[in-house]
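Visitor: Before anything else, here's the structure in question.
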Amino acid sequence: MNSPGKTRPNRRSVQSEATRTVILDAAEQLMLERGYIGASLTAIAADAGVVVQTIYNSVGSKADVLAAVLERGATETVSEAVPARENPRSAQRVPGGPRSATDIIRLLVDWCVETNVRTAALRRVVGQAAGIDADVARLEVRDSARLLHNFSETATALRDRNALRSGLSDHEAAAAIWALAHPQVYRSLVLELDWSLGAYREWLGNMLRAALF
């Protein structure tokens with residue numbers, strides 16, 4: 001018997017989510033191996049054990065598939081270093097979350113490092129595809145806008161703790177976080193200039209504190 005107030009998951013919705021997960025797993029693997037162009041919907045469907053129409057029904061177009069894969073990578077907690085309830089984006093709303101501005105910066109740095117490591121290869125696929133697919137180019141813009149919005153919530157959390165430097169608006173603070181924590185900065189410093197993750201982490205924390213406090 002179901003507990004009062006609880007709704008038993010619909011079997012069809014559970015199956016639909018499982019199918020979507022299999023599709024995204026196959027798409028991510030193929031896009032990383034073959035690039036956006038090489039990973040056709042036919043190939044993704046074959047690897048996922050579905051027909052192409054199921055991809056359209058479950059996720060959408062090929063650009064939608066890439067967007068879903070990227071979003072999943074950007075929102076997953078890669079390790080226990082960043083507990084879900086302590087995600088810096090929602091720090092001001094989560095009971096038991098970080099109490100101080102220093103905690104928020106620490107968690108923000110952890111989250112940025114984890115997310116950039118997780119999504120670097122996927123963002124390279126997005127960057128390559130954006131030049132030849134208008135839908136992916138729009139995805140790249142939306143992704144940047146999403147990051148800026150997320151960091152505006154972090155700025156609000158810092159403002160609530162009276163931590164932002166005098167004269168610095170929430171919008172300016174969010175833009176500073178966005179610029180410093182942007183995936184392209186990670187890519188340039190770590191993947192292209194061979195910084196260690198430790199050096200990148202320390203630099204990011206120091207620069208965020210200097211810019212915000």
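Starting from 1 in every chain, residues are counted up; chains themselves are A, B, ... following the order of the structure tokens, and ligands are numbered from 1 as listed.
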Please produce, as JSON lines, a per-residue contact table for stretch 120-156 of chain A versus stretch 100-105 of chain A (criterion: any atom at most 12 Å away, only C-alpha atoms considered), showing the nearest atom pair and its distance in Å to one decimal, sorted by chain then residue number.

Guide:
{"residue": "A:Phe151", "atom": "CA", "partner": "A:Ile105", "partner_atom": "CA", "distance": 11.4}
{"residue": "A:Glu153", "atom": "CA", "partner": "A:Ile104", "partner_atom": "CA", "distance": 11.3}
{"residue": "A:Thr154", "atom": "CA", "partner": "A:Ile104", "partner_atom": "CA", "distance": 7.8}
{"residue": "A:Ala155", "atom": "CA", "partner": "A:Ile104", "partner_atom": "CA", "distance": 9.8}
{"residue": "A:Thr156", "atom": "CA", "partner": "A:Ala101", "partner_atom": "CA", "distance": 10.9}

Visitor: List the spatial neighbours of A:Ser58 as a list of chain:residue names - criterion: any atom at most 12 Å away, only C-alpha atoms, same-chain residues fewer than 3 positions off excluded.

Guide: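 Those residues are A:Ser13, A:Gln15, A:Ser16, A:Glu17, A:Ala18, A:Thr19, A:Arg20, A:Thr21, A:Val22, A:Ile23, A:Leu24, A:Ala45, A:Val50, A:Val51, A:Val52, A:Gln53, A:Thr54, A:Ile55, A:Ser61, A:Lys62, A:Asp64, A:Val65, A:Ala68.
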
Visitor: Name the residues in contact with A:Ala130 at a cut-off of 10 Å, using only C-alpha atoms, excluding same-chain residues fewer than 4 positions from it; report them as an NGL selection string.

Guide: :A and (36 or 63 or 124-126 or 134-141)

Visitor: For stretch 199-205 of chain A, find every residue with an atom within 8 Å (counting only C-alpha atoms), except residues of its own chain fewer than 6 positions away, and show them as a PyMOL selection string.

Guide: chain A and resi 105-106+109-110+113+180-181+186+189-190

Visitor: Go ahead and write the selection's residues with C-alpha atoms as a JSON list (two decimals), in the first residue's frame.

Guide:
[["chain", "number", "residue", "atom", "x", "y", "z"],
["A", 105, "ILE", "CA", 33.60, 30.49, -2.55],
["A", 106, "ARG", "CA", 35.17, 27.17, -1.58],
["A", 109, "VAL", "CA", 35.57, 26.61, -6.80],
["A", 110, "ASP", "CA", 34.99, 22.89, -6.17],
["A", 113, "VAL", "CA", 36.58, 22.48, -11.20],
["A", 180, "LEU", "CA", 36.80, 33.82, -14.20],
["A", 181, "ALA", "CA", 35.03, 30.46, -14.03],
["A", 186, "TYR", "CA", 39.71, 26.34, -17.80],
["A", 189, "LEU", "CA", 44.89, 27.26, -18.68],
["A", 190, "VAL", "CA", 44.61, 23.55, -17.94]]

Visitor: Give me, please, the distance in Å between atom CA of A:Ala67 and atom CA of A:Leu158, quoted to one decimal.

Guide: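 Atom-to-atom, atom CA of A:Ala67 to atom CA of A:Leu158, that is 29.8 Å.
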
Visitor: For a quick check of understanding, using only C-alpha atoms, which of A:Leu148, A:Ala74, A:Ala27, A:Ile44 has the smallest distance to A:Arg123?

Guide: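 That would be A:Ala74, the residue with the smallest distance to A:Arg123.
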
Visitor: Can you check which residues of chain A DSSP gives as alpha helix (DSSP H) on the backbone and send them as a PyMOL selection string?

Guide: chain A and resi 11-38+41-48+52-58+62-75+101-130+134-160+170-181+183-186+197-212

Visitor: List as an MDAnalysis selection string the protein and nucleic acid residues near A:Ser169, meaning an atom at most 12 Å away when only C-alpha atoms are counted, but skip any in the same chain fewer than 2 places from it.

Guide: chainID A and resid 152 155:156 158:159 162:167 171:176 211:213

Visitor: With distances taken over only C-alpha atoms, which residue among A:Met31, A:Asp47, A:Leu108, A:Asp133 lies nearest A:Arg209?

Guide: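 Closest to A:Arg209 of all the choices is A:Leu108.
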
Visitor: Tell me which of A:Gly127, A:Trp178, A:Thr115, A:Arg161 sits closest to A:His149, counting only C-alpha atoms.

Guide: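 With only C-alpha atoms as the atom set, the closest residue is A:Trp178.
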
Visitor: Counting only C-alpha atoms, figure out which residue out of A:Leu122, A:Ala179, A:Ala26, A:Cys112 gets nearest to A:Ala145.

Guide: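 The closest residue to A:Ala145 is A:Ala179.
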